[in-house]
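Trainee: My structure file entry.csv, CSV, N, CA, C and O atoms, is below:
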```csv
chain,number,residue,atom,x,y,z
A,1180,MET,N,4.1,-11.8,5.4
A,1180,MET,CA,3.1,-11.8,4.4
A,1180,MET,C,3.7,-11.5,3.1
A,1180,MET,O,3.0,-11.0,2.2
A,1181,THR,N,4.9,-11.8,2.8
A,1181,THR,CA,5.5,-11.5,1.5
A,1181,THR,C,5.3,-12.7,0.6
A,1181,THR,O,5.4,-12.4,-0.6
A,1182,SER,N,5.1,-13.8,1.0
A,1182,SER,CA,5.0,-15.0,0.1
A,1182,SER,C,3.8,-14.9,-0.8
A,1182,SER,O,3.7,-15.6,-1.8
A,1183,SER,N,2.8,-14.0,-0.5
A,1183,SER,CA,1.6,-13.9,-1.3
A,1183,SER,C,1.7,-12.8,-2.3
A,1183,SER,O,0.7,-12.5,-3.0
A,1184,ASN,N,2.8,-12.1,-2.4
A,1184,ASN,CA,2.8,-10.9,-3.3
A,1184,ASN,C,2.6,-11.3,-4.8
A,1184,ASN,O,1.9,-10.6,-5.5
A,1185,LYS,N,3.2,-12.4,-5.2
A,1185,LYS,CA,3.1,-12.8,-6.6
A,1185,LYS,C,1.6,-13.2,-6.9
A,1185,LYS,O,1.0,-12.7,-7.9
A,1186,PRO,N,1.0,-14.1,-6.1
A,1186,PRO,CA,-0.4,-14.4,-6.3
A,1186,PRO,C,-1.3,-13.1,-6.2
A,1186,PRO,O,-2.3,-13.0,-7.0
A,1187,LEU,N,-1.0,-12.2,-5.3
A,1187,LEU,CA,-1.8,-11.0,-5.2
A,1187,LEU,C,-1.7,-10.2,-6.4
A,1187,LEU,O,-2.7,-9.7,-6.9
A,1188,ASP,N,-0.5,-10.0,-6.9
A,1188,ASP,CA,-0.3,-9.2,-8.2
A,1188,ASP,C,-1.1,-9.9,-9.3
A,1188,ASP,O,-1.8,-9.2,-10.1
A,1189,GLN,N,-1.1,-11.2,-9.4
A,1189,GLN,CA,-1.8,-11.9,-10.5
A,1189,GLN,C,-3.3,-11.7,-10.3
A,1189,GLN,O,-4.0,-11.6,-11.3
A,1190,MET,N,-3.8,-11.8,-9.0
A,1190,MET,CA,-5.2,-11.6,-8.8
A,1190,MET,C,-5.7,-10.2,-9.2
A,1190,MET,O,-6.8,-10.1,-9.7
A,1191,ARG,N,-4.9,-9.2,-9.0
A,1191,ARG,CA,-5.2,-7.9,-9.4
A,1191,ARG,C,-5.3,-7.7,-10.9
A,1191,ARG,O,-6.1,-7.0,-11.4
A,1192,ILE,N,-4.3,-8.3,-11.6
A,1192,ILE,CA,-4.3,-8.2,-13.0
A,1192,ILE,C,-5.4,-9.0,-13.7
A,1192,ILE,O,-6.1,-8.4,-14.6
A,1193,GLU,N,-5.7,-10.2,-13.2
A,1193,GLU,CA,-6.7,-11.0,-13.9
A,1193,GLU,C,-7.5,-11.8,-12.9
A,1193,GLU,O,-7.3,-13.0,-12.6
A,1194,PRO,N,-8.5,-11.1,-12.2
A,1194,PRO,CA,-9.3,-11.7,-11.2
A,1194,PRO,C,-10.2,-12.9,-11.7
A,1194,PRO,O,-10.6,-13.7,-10.9
A,1195,SER,N,-10.4,-13.0,-13.0
A,1195,SER,CA,-11.3,-14.0,-13.5
A,1195,SER,C,-10.5,-15.3,-13.8
A,1195,SER,O,-11.0,-16.3,-14.2
A,1196,ASN,N,-9.1,-15.3,-13.6
A,1196,ASN,CA,-8.3,-16.4,-13.9
A,1196,ASN,C,-7.4,-16.8,-12.7
A,1196,ASN,O,-6.2,-16.8,-12.8
A,1197,VAL,N,-8.1,-17.1,-11.5
A,1197,VAL,CA,-7.4,-17.4,-10.3
A,1197,VAL,C,-7.8,-18.8,-9.9
A,1197,VAL,O,-9.0,-19.1,-9.8
A,1198,ARG,N,-6.8,-19.6,-9.5
A,1198,ARG,CA,-7.2,-20.9,-9.0
A,1198,ARG,C,-7.7,-20.8,-7.6
A,1198,ARG,O,-7.2,-20.0,-6.8
A,1199,PHE,N,-8.7,-21.6,-7.3
A,1199,PHE,CA,-9.3,-21.6,-6.0
A,1199,PHE,C,-8.2,-21.9,-4.9
A,1199,PHE,O,-8.2,-21.2,-3.9
A,1200,SER,N,-7.3,-22.8,-5.2
A,1200,SER,CA,-6.3,-23.2,-4.2
A,1200,SER,C,-5.4,-22.0,-3.9
A,1200,SER,O,-5.0,-21.8,-2.7
A,1201,ASP,N,-5.1,-21.1,-4.9
A,1201,ASP,CA,-4.3,-20.0,-4.7
A,1201,ASP,C,-5.0,-18.9,-3.8
A,1201,ASP,O,-4.4,-18.3,-2.9
A,1202,LEU,N,-6.3,-18.7,-4.1
A,1202,LEU,CA,-7.1,-17.8,-3.3
A,1202,LEU,C,-7.2,-18.2,-1.9
A,1202,LEU,O,-7.1,-17.4,-1.0
A,1203,LEU,N,-7.4,-19.5,-1.7
A,1203,LEU,CA,-7.5,-20.1,-0.4
A,1203,LEU,C,-6.2,-19.9,0.4
A,1203,LEU,O,-6.3,-19.4,1.6
A,1204,LYS,N,-5.1,-20.1,-0.2
A,1204,LYS,CA,-3.8,-19.9,0.5
A,1204,LYS,C,-3.6,-18.4,0.9
A,1204,LYS,O,-3.2,-18.1,2.0
A,1205,VAL,N,-4.0,-17.5,0.0
A,1205,VAL,CA,-3.9,-16.1,0.3
A,1205,VAL,C,-4.8,-15.7,1.5
A,1205,VAL,O,-4.4,-15.0,2.4
A,1206,CYS,N,-6.0,-16.2,1.4
A,1206,CYS,CA,-7.0,-15.9,2.5
A,1206,CYS,C,-6.5,-16.4,3.8
A,1206,CYS,O,-6.6,-15.7,4.9
A,1207,GLU,N,-5.9,-17.6,3.8
A,1207,GLU,CA,-5.4,-18.2,5.1
A,1207,GLU,C,-4.2,-17.4,5.6
A,1207,GLU,O,-4.1,-17.3,6.8
A,1208,GLU,N,-3.4,-16.9,4.7
A,1208,GLU,CA,-2.2,-16.1,5.1
A,1208,GLU,C,-2.7,-14.8,5.8
A,1208,GLU,O,-2.1,-14.4,6.8
A,1209,PHE,N,-3.7,-14.2,5.3
A,1209,PHE,CA,-4.1,-12.9,5.8
A,1209,PHE,C,-5.1,-13.0,6.9
A,1209,PHE,O,-5.1,-12.2,7.9
A,1210,PHE,N,-6.0,-14.0,6.9
A,1210,PHE,CA,-7.1,-14.1,7.8
A,1210,PHE,C,-7.2,-15.3,8.7
A,1210,PHE,O,-8.1,-15.5,9.5
A,1211,GLY,N,-6.2,-16.2,8.5
A,1211,GLY,CA,-6.1,-17.4,9.4
A,1211,GLY,C,-7.0,-18.5,8.8
A,1211,GLY,O,-7.5,-18.4,7.6
A,1212,LYS,N,-7.2,-19.5,9.5
A,1212,LYS,CA,-8.0,-20.7,9.1
A,1212,LYS,C,-9.4,-20.2,8.9
A,1212,LYS,O,-9.9,-19.4,9.6
A,1213,PRO,N,-10.2,-20.8,7.9
A,1213,PRO,CA,-11.6,-20.5,7.8
A,1213,PRO,C,-12.4,-20.9,9.0
A,1213,PRO,O,-12.1,-21.9,9.6
A,1214,ARG,N,-13.4,-20.1,9.2
A,1214,ARG,CA,-14.3,-20.4,10.4
A,1214,ARG,C,-15.4,-21.4,9.9
A,1214,ARG,O,-16.0,-22.1,10.7
A,1215,GLN,N,-15.6,-21.5,8.6
A,1215,GLN,CA,-16.5,-22.5,8.0
A,1215,GLN,C,-15.9,-23.0,6.7
A,1215,GLN,O,-15.5,-22.2,5.9
A,1216,SER,N,-15.9,-24.3,6.6
A,1216,SER,CA,-15.5,-24.9,5.3
A,1216,SER,C,-16.1,-26.3,5.3
A,1216,SER,O,-16.8,-26.7,6.2
A,1217,GLY,N,-16.0,-27.0,4.1
A,1217,GLY,CA,-16.6,-28.3,4.0
A,1217,GLY,C,-17.9,-28.2,3.3
A,1217,GLY,O,-18.5,-29.2,3.0
A,1218,THR,N,-18.5,-27.0,3.2
A,1218,THR,CA,-19.7,-26.8,2.4
A,1218,THR,C,-19.3,-26.2,1.1
A,1218,THR,O,-18.1,-26.1,0.7
A,1219,SER,N,-20.3,-25.7,0.4
A,1219,SER,CA,-19.9,-25.0,-0.9
A,1219,SER,C,-19.2,-23.7,-0.7
A,1219,SER,O,-18.5,-23.2,-1.6
A,1220,HIS,N,-19.3,-23.1,0.5
A,1220,HIS,CA,-18.6,-21.9,0.7
A,1220,HIS,C,-17.5,-22.1,1.8
A,1220,HIS,O,-17.7,-22.8,2.8
A,1221,THR,N,-16.4,-21.4,1.7
A,1221,THR,CA,-15.4,-21.3,2.7
A,1221,THR,C,-15.4,-19.8,3.2
A,1221,THR,O,-15.3,-18.9,2.4
A,1222,ILE,N,-15.7,-19.7,4.5
A,1222,ILE,CA,-15.9,-18.4,5.1
A,1222,ILE,C,-14.8,-18.1,6.1
A,1222,ILE,O,-14.5,-18.9,6.9
A,1223,PHE,N,-14.2,-16.8,6.0
A,1223,PHE,CA,-13.2,-16.4,6.9
A,1223,PHE,C,-13.7,-15.3,7.8
A,1223,PHE,O,-14.5,-14.4,7.3
A,1224,LYS,N,-13.2,-15.2,9.0
A,1224,LYS,CA,-13.5,-14.2,9.9
A,1224,LYS,C,-12.6,-13.0,9.6
A,1224,LYS,O,-11.4,-13.1,9.4
A,1225,THR,N,-13.2,-11.8,9.7
A,1225,THR,CA,-12.5,-10.5,9.5
A,1225,THR,C,-12.6,-9.7,10.8
A,1225,THR,O,-13.5,-9.9,11.6
A,1226,PRO,N,-11.6,-8.8,11.0
A,1226,PRO,CA,-11.6,-8.0,12.2
A,1226,PRO,C,-12.6,-6.9,12.2
A,1226,PRO,O,-12.6,-6.0,13.1
A,1227,TRP,N,-13.5,-6.8,11.3
A,1227,TRP,CA,-14.5,-5.8,11.2
A,1227,TRP,C,-15.9,-6.4,10.9
A,1227,TRP,O,-15.9,-7.6,10.5
A,1228,LEU,N,-16.9,-5.7,11.2
A,1228,LEU,CA,-18.2,-6.1,10.8
A,1228,LEU,C,-18.6,-5.6,9.4
A,1228,LEU,O,-18.2,-4.6,9.0
A,1229,GLY,N,-19.4,-6.4,8.7
A,1229,GLY,CA,-19.8,-6.0,7.4
A,1229,GLY,C,-18.9,-6.2,6.3
A,1229,GLY,O,-18.0,-7.1,6.4
A,1230,ASP,N,-19.0,-5.5,5.2
A,1230,ASP,CA,-18.2,-5.7,4.0
A,1230,ASP,C,-16.9,-5.0,4.1
A,1230,ASP,O,-16.7,-4.1,4.9
A,1231,PRO,N,-15.9,-5.5,3.4
A,1231,PRO,CA,-16.0,-6.7,2.5
A,1231,PRO,C,-15.9,-8.0,3.3
A,1231,PRO,O,-15.1,-8.1,4.3
A,1232,ARG,N,-16.7,-8.9,3.0
A,1232,ARG,CA,-16.7,-10.2,3.6
A,1232,ARG,C,-15.8,-11.2,2.8
A,1232,ARG,O,-15.6,-11.0,1.6
A,1233,ILE,N,-15.3,-12.2,3.5
A,1233,ILE,CA,-14.5,-13.2,2.9
A,1233,ILE,C,-15.3,-14.5,2.8
A,1233,ILE,O,-15.4,-15.2,3.8
A,1234,ASN,N,-15.9,-14.7,1.7
A,1234,ASN,CA,-16.7,-15.9,1.4
A,1234,ASN,C,-16.4,-16.4,0.0
A,1234,ASN,O,-16.8,-15.7,-1.0
A,1235,ILE,N,-15.7,-17.5,-0.1
A,1235,ILE,CA,-15.2,-17.9,-1.4
A,1235,ILE,C,-15.8,-19.3,-1.7
A,1235,ILE,O,-16.2,-20.1,-0.8
A,1236,GLN,N,-15.9,-19.6,-3.0
A,1236,GLN,CA,-16.4,-20.8,-3.5
A,1236,GLN,C,-15.5,-21.4,-4.5
A,1236,GLN,O,-14.9,-20.7,-5.3
A,1237,ASN,N,-15.4,-22.7,-4.6
A,1237,ASN,CA,-14.6,-23.5,-5.6
A,1237,ASN,C,-15.5,-23.7,-6.7
A,1237,ASN,O,-16.5,-24.5,-6.6
A,1238,ASP,N,-15.2,-23.1,-7.9
A,1238,ASP,CA,-16.0,-23.3,-9.1
A,1238,ASP,C,-15.2,-24.1,-10.1
A,1238,ASP,O,-14.5,-23.6,-10.9
A,1239,LYS,N,-15.2,-25.4,-9.9
A,1239,LYS,CA,-14.4,-26.4,-10.8
A,1239,LYS,C,-13.0,-26.0,-10.8
A,1239,LYS,O,-12.3,-26.0,-11.9
A,1240,GLY,N,-12.4,-25.7,-9.6
A,1240,GLY,CA,-11.0,-25.4,-9.5
A,1240,GLY,C,-10.6,-24.0,-9.6
A,1240,GLY,O,-9.5,-23.6,-9.3
A,1241,LYS,N,-11.6,-23.2,-10.0
A,1241,LYS,CA,-11.3,-21.7,-10.2
A,1241,LYS,C,-12.1,-21.0,-9.1
A,1241,LYS,O,-13.0,-21.4,-8.5
A,1242,ALA,N,-11.6,-19.8,-8.8
A,1242,ALA,CA,-12.3,-18.9,-7.9
A,1242,ALA,C,-13.2,-18.0,-8.7
A,1242,ALA,O,-12.9,-17.6,-9.9
A,1243,LYS,N,-14.3,-17.5,-8.1
A,1243,LYS,CA,-15.2,-16.6,-8.8
A,1243,LYS,C,-14.6,-15.2,-8.8
A,1243,LYS,O,-14.1,-14.8,-7.8
A,1244,ALA,N,-14.6,-14.5,-9.9
A,1244,ALA,CA,-14.0,-13.2,-10.1
A,1244,ALA,C,-14.5,-12.2,-9.1
A,1244,ALA,O,-13.7,-11.5,-8.5
A,1245,TYR,N,-15.8,-12.2,-8.8
A,1245,TYR,CA,-16.3,-11.2,-7.9
A,1245,TYR,C,-15.8,-11.4,-6.4
A,1245,TYR,O,-15.5,-10.5,-5.7
A,1246,GLN,N,-15.6,-12.7,-6.1
A,1246,GLN,CA,-15.1,-13.1,-4.8
A,1246,GLN,C,-13.6,-12.7,-4.7
A,1246,GLN,O,-13.1,-12.3,-3.6
A,1247,VAL,N,-12.8,-12.9,-5.8
A,1247,VAL,CA,-11.4,-12.5,-5.8
A,1247,VAL,C,-11.4,-11.0,-5.5
A,1247,VAL,O,-10.5,-10.5,-4.7
A,1248,ARG,N,-12.2,-10.2,-6.2
A,1248,ARG,CA,-12.2,-8.7,-6.0
A,1248,ARG,C,-12.6,-8.4,-4.5
A,1248,ARG,O,-12.0,-7.5,-3.9
A,1249,GLN,N,-13.5,-9.1,-3.9
A,1249,GLN,CA,-13.9,-8.9,-2.5
A,1249,GLN,C,-12.7,-9.2,-1.6
A,1249,GLN,O,-12.4,-8.5,-0.6
A,1250,VAL,N,-11.9,-10.3,-1.9
A,1250,VAL,CA,-10.8,-10.6,-1.1
A,1250,VAL,C,-9.7,-9.5,-1.2
A,1250,VAL,O,-9.1,-9.1,-0.2
A,1251,LEU,N,-9.5,-9.0,-2.4
A,1251,LEU,CA,-8.5,-7.9,-2.6
A,1251,LEU,C,-8.9,-6.7,-1.8
A,1251,LEU,O,-8.1,-6.0,-1.2
A,1252,LEU,N,-10.2,-6.3,-1.8
A,1252,LEU,CA,-10.7,-5.2,-1.0
A,1252,LEU,C,-10.5,-5.4,0.5
A,1252,LEU,O,-10.0,-4.5,1.2
A,1253,ALA,N,-10.7,-6.6,0.9
A,1253,ALA,CA,-10.5,-6.9,2.4
A,1253,ALA,C,-9.1,-6.9,2.7
A,1253,ALA,O,-8.7,-6.4,3.8
A,1254,ILE,N,-8.2,-7.3,1.9
A,1254,ILE,CA,-6.7,-7.3,2.2
A,1254,ILE,C,-6.3,-5.8,2.2
A,1254,ILE,O,-5.5,-5.4,3.1
A,1255,ASP,N,-6.8,-5.0,1.3
A,1255,ASP,CA,-6.4,-3.6,1.3
A,1255,ASP,C,-6.9,-2.9,2.6
A,1255,ASP,O,-6.2,-2.1,3.2
A,1256,LYS,N,-8.1,-3.3,3.0
A,1256,LYS,CA,-8.7,-2.7,4.2
A,1256,LYS,C,-7.8,-3.1,5.4
A,1256,LYS,O,-7.5,-2.3,6.3
A,1257,LEU,N,-7.5,-4.4,5.5
A,1257,LEU,CA,-6.7,-4.9,6.6
A,1257,LEU,C,-5.3,-4.2,6.6
A,1257,LEU,O,-4.9,-3.8,7.7
A,1258,LYS,N,-4.7,-4.1,5.5
A,1258,LYS,CA,-3.4,-3.4,5.4
A,1258,LYS,C,-3.5,-1.9,5.9
A,1258,LYS,O,-2.6,-1.4,6.6
A,1259,ALA,N,-4.6,-1.3,5.5
A,1259,ALA,CA,-4.8,0.1,5.9
A,1259,ALA,C,-5.0,0.2,7.4
A,1259,ALA,O,-4.4,1.1,8.0
A,1260,GLN,N,-5.7,-0.7,8.0
A,1260,GLN,CA,-5.9,-0.7,9.4
A,1260,GLN,C,-4.6,-1.0,10.2
A,1260,GLN,O,-4.3,-0.4,11.2
A,1261,GLN,N,-3.7,-1.8,9.6
A,1261,GLN,CA,-2.5,-2.1,10.2
A,1261,GLN,C,-1.5,-0.9,10.2
A,1261,GLN,O,-0.7,-0.7,11.1
A,1262,ASN,N,-1.6,-0.2,9.1
A,1262,ASN,CA,-0.8,1.0,8.9
A,1262,ASN,C,-1.2,2.2,9.9
A,1262,ASN,O,-0.4,3.0,10.2
A,1263,GLU,N,-2.5,2.2,10.3
A,1263,GLU,CA,-2.9,3.2,11.2
A,1263,GLU,C,-2.3,3.0,12.6
A,1263,GLU,O,-2.2,4.0,13.4
A,1264,HIS,N,-2.0,1.8,13.0
A,1264,HIS,CA,-1.5,1.5,14.3
A,1264,HIS,C,0.0,1.6,14.4
A,1264,HIS,O,0.8,1.5,13.6
```
If you convert what's in this file into structure tokens, what do you get?
Mentor:
Amino acid sequence: MTSSNKPLDQMRIEPSNVRFSDLLKVCEEFFGKPRQSGTSHTIFKTPWLGDPRINIQNDKGKAKAYQVRQVLLAIDKLKAQQNEH
């Protein structure tokens, strides 16, 4: 999971300026292939119920800032759960 450190750092610094393709790669690295795609939303399964959910949209090649922040929260939660074990 080290290949995503640079995009993750950039996402944290400037969540409103993230390419959708970069966000998609990061999501696939941490959460696997999307359980739904091909519609306006790409949805990933998480190992927990409820928030933060991984539901991203392509907005003319860019990711939506609030969805970038949700992905960052989910990654932080995932890493915290992995550190508990």
Trainee: Give one line per residue of stretch 1196-1224 of chain A that approaches stretch 1233-1241 of chain A to at most 10 Å, naming the two atoms of the closest pair and their distance in Å to one decimal, counting only C-alpha atoms; sort by chain then ascending residue number and deliver it as CSV.
Mentor:
```
residue,atom,partner,partner_atom,distance
A:Asn1196,CA,A:Lys1241,CA,7.1
A:Val1197,CA,A:Lys1241,CA,5.8
A:Arg1198,CA,A:Lys1241,CA,4.3
A:Phe1199,CA,A:Lys1241,CA,4.7
A:Ser1200,CA,A:Gly1240,CA,7.4
A:Asp1201,CA,A:Lys1241,CA,9.1
A:Leu1202,CA,A:Ile1235,CA,8.3
A:Leu1203,CA,A:Ile1235,CA,8.1
A:Cys1206,CA,A:Ile1233,CA,8.0
A:Phe1210,CA,A:Ile1233,CA,8.9
A:Pro1213,CA,A:Ile1233,CA,9.3
A:Gln1215,CA,A:Asn1234,CA,9.3
A:Ser1216,CA,A:Ile1235,CA,9.7
A:Thr1218,CA,A:Gln1236,CA,9.0
A:Ser1219,CA,A:Gln1236,CA,6.1
A:His1220,CA,A:Gln1236,CA,4.9
A:Thr1221,CA,A:Ile1235,CA,5.3
A:Ile1222,CA,A:Asn1234,CA,4.5
A:Phe1223,CA,A:Ile1233,CA,5.3
A:Lys1224,CA,A:Ile1233,CA,7.1
```
Trainee: Which neighbours of A:Ser1195 fall inside 7 Å, counting all atoms listed in the file, when residues of the same chain fewer than 5 positions from it are skipped, and could you give them as a list in words?
Mentor: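 The residues that qualify are Gln1189, Met1190, Lys1241, Ala1242, Lys1243, Ala1244 and Tyr1245 of chain A.
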Trainee: If you measure from atom N of A:Glu1193 to atom CA of A:Asn1262, what distance in Å do you get, rounded to one decimal?
Mentor: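 For atom N of A:Glu1193 relative to atom CA of A:Asn1262, the distance reads 25.3 Å.
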Trainee: Which polymer residues have any atom within 8 Å of an atom of stretch 1253-1255 of chain A, counting only C-alpha atoms, with same-chain residues fewer than 6 positions away left out, as a CSV table (one decimal) with N, CA, C and O atoms, in the coordinates of the input?
Mentor:
```
chain,number,residue,atom,x,y,z
A,1209,PHE,N,-3.7,-14.2,5.3
A,1209,PHE,CA,-4.1,-12.9,5.8
A,1209,PHE,C,-5.1,-13.0,6.9
A,1209,PHE,O,-5.1,-12.2,7.9
A,1230,ASP,N,-19.0,-5.5,5.2
A,1230,ASP,CA,-18.2,-5.7,4.0
A,1230,ASP,C,-16.9,-5.0,4.1
A,1230,ASP,O,-16.7,-4.1,4.9
A,1231,PRO,N,-15.9,-5.5,3.4
A,1231,PRO,CA,-16.0,-6.7,2.5
A,1231,PRO,C,-15.9,-8.0,3.3
A,1231,PRO,O,-15.1,-8.1,4.3
A,1232,ARG,N,-16.7,-8.9,3.0
A,1232,ARG,CA,-16.7,-10.2,3.6
A,1232,ARG,C,-15.8,-11.2,2.8
A,1232,ARG,O,-15.6,-11.0,1.6
A,1233,ILE,N,-15.3,-12.2,3.5
A,1233,ILE,CA,-14.5,-13.2,2.9
A,1233,ILE,C,-15.3,-14.5,2.8
A,1233,ILE,O,-15.4,-15.2,3.8
```
Trainee: Any idea what the distance is between atom C of A:Asp1188 and atom N of A:Val1250?
Mentor: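 Atom N of A:Val1250 lies 13.1 Å from atom C of A:Asp1188.
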Trainee: Taking all atoms listed in the file into account, name the residue in A:Pro1194, A:Pro1226, A:Gly1211, A:Pro1186 that is nearest to A:Leu1257.
Mentor: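 Closest residue, counting all atoms listed in the file: A:Pro1226.
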Trainee: I'd like the interatomic distance between atom CA of A:Leu1251 and atom CA of A:Arg1191, to a tenth of an Å.
Mentor: 7.6 Å
Trainee: Could you find all residues in stretch 1224-1261 of chain A that DSSP calls helix (DSSP H, G or I) from the backbone, and write them as a ChimeraX atom specification?
Mentor: /A:1244-1261
Trainee: Can you list, as a PyMOL selection string, every residue of stretch 1214-1257 of chain A that DSSP puts in strand (DSSP E)?
Mentor: chain A and resi 1220-1223+1233-1238+1241-1242
Trainee: With N, CA, C and O atoms retained, export the selected residues as a PDB file, in the frame of the given file.
Mentor:
```pdb
ATOM      1  N   HIS A1220     -19.300 -23.100   0.500  1.00  0.00           N
ATOM      2  CA  HIS A1220     -18.600 -21.900   0.700  1.00  0.00           C
ATOM      3  C   HIS A1220     -17.500 -22.100   1.800  1.00  0.00           C
ATOM      4  O   HIS A1220     -17.700 -22.800   2.800  1.00  0.00           O
ATOM      5  N   THR A1221     -16.400 -21.400   1.700  1.00  0.00           N
ATOM      6  CA  THR A1221     -15.400 -21.300   2.700  1.00  0.00           C
ATOM      7  C   THR A1221     -15.400 -19.800   3.200  1.00  0.00           C
ATOM      8  O   THR A1221     -15.300 -18.900   2.400  1.00  0.00           O
ATOM      9  N   ILE A1222     -15.700 -19.700   4.500  1.00  0.00           N
ATOM     10  CA  ILE A1222     -15.900 -18.400   5.100  1.00  0.00           C
ATOM     11  C   ILE A1222     -14.800 -18.100   6.100  1.00  0.00           C
ATOM     12  O   ILE A1222     -14.500 -18.900   6.900  1.00  0.00           O
ATOM     13  N   PHE A1223     -14.200 -16.800   6.000  1.00  0.00           N
ATOM     14  CA  PHE A1223     -13.200 -16.400   6.900  1.00  0.00           C
ATOM     15  C   PHE A1223     -13.700 -15.300   7.800  1.00  0.00           C
ATOM     16  O   PHE A1223     -14.500 -14.400   7.300  1.00  0.00           O
ATOM     17  N   ILE A1233     -15.300 -12.200   3.500  1.00  0.00           N
ATOM     18  CA  ILE A1233     -14.500 -13.200   2.900  1.00  0.00           C
ATOM     19  C   ILE A1233     -15.300 -14.500   2.800  1.00  0.00           C
ATOM     20  O   ILE A1233     -15.400 -15.200   3.800  1.00  0.00           O
ATOM     21  N   ASN A1234     -15.900 -14.700   1.700  1.00  0.00           N
ATOM     22  CA  ASN A1234     -16.700 -15.900   1.400  1.00  0.00           C
ATOM     23  C   ASN A1234     -16.400 -16.400   0.000  1.00  0.00           C
ATOM     24  O   ASN A1234     -16.800 -15.700  -1.000  1.00  0.00           O
ATOM     25  N   ILE A1235     -15.700 -17.500  -0.100  1.00  0.00           N
ATOM     26  CA  ILE A1235     -15.200 -17.900  -1.400  1.00  0.00           C
ATOM     27  C   ILE A1235     -15.800 -19.300  -1.700  1.00  0.00           C
ATOM     28  O   ILE A1235     -16.200 -20.100  -0.800  1.00  0.00           O
ATOM     29  N   GLN A1236     -15.900 -19.600  -3.000  1.00  0.00           N
ATOM     30  CA  GLN A1236     -16.400 -20.800  -3.500  1.00  0.00           C
ATOM     31  C   GLN A1236     -15.500 -21.400  -4.500  1.00  0.00           C
ATOM     32  O   GLN A1236     -14.900 -20.700  -5.300  1.00  0.00           O
ATOM     33  N   ASN A1237     -15.400 -22.700  -4.600  1.00  0.00           N
ATOM     34  CA  ASN A1237     -14.600 -23.500  -5.600  1.00  0.00           C
ATOM     35  C   ASN A1237     -15.500 -23.700  -6.700  1.00  0.00           C
ATOM     36  O   ASN A1237     -16.500 -24.500  -6.600  1.00  0.00           O
ATOM     37  N   ASP A1238     -15.200 -23.100  -7.900  1.00  0.00           N
ATOM     38  CA  ASP A1238     -16.000 -23.300  -9.100  1.00  0.00           C
ATOM     39  C   ASP A1238     -15.200 -24.100 -10.100  1.00  0.00           C
ATOM     40  O   ASP A1238     -14.500 -23.600 -10.900  1.00  0.00           O
ATOM     41  N   LYS A1241     -11.600 -23.200 -10.000  1.00  0.00           N
ATOM     42  CA  LYS A1241     -11.300 -21.700 -10.200  1.00  0.00           C
ATOM     43  C   LYS A1241     -12.100 -21.000  -9.100  1.00  0.00           C
ATOM     44  O   LYS A1241     -13.000 -21.400  -8.500  1.00  0.00           O
ATOM     45  N   ALA A1242     -11.600 -19.800  -8.800  1.00  0.00           N
ATOM     46  CA  ALA A1242     -12.300 -18.900  -7.900  1.00  0.00           C
ATOM     47  C   ALA A1242     -13.200 -18.000  -8.700  1.00  0.00           C
ATOM     48  O   ALA A1242     -12.900 -17.600  -9.900  1.00  0.00           O
TER      49      ALA A1242
END
```
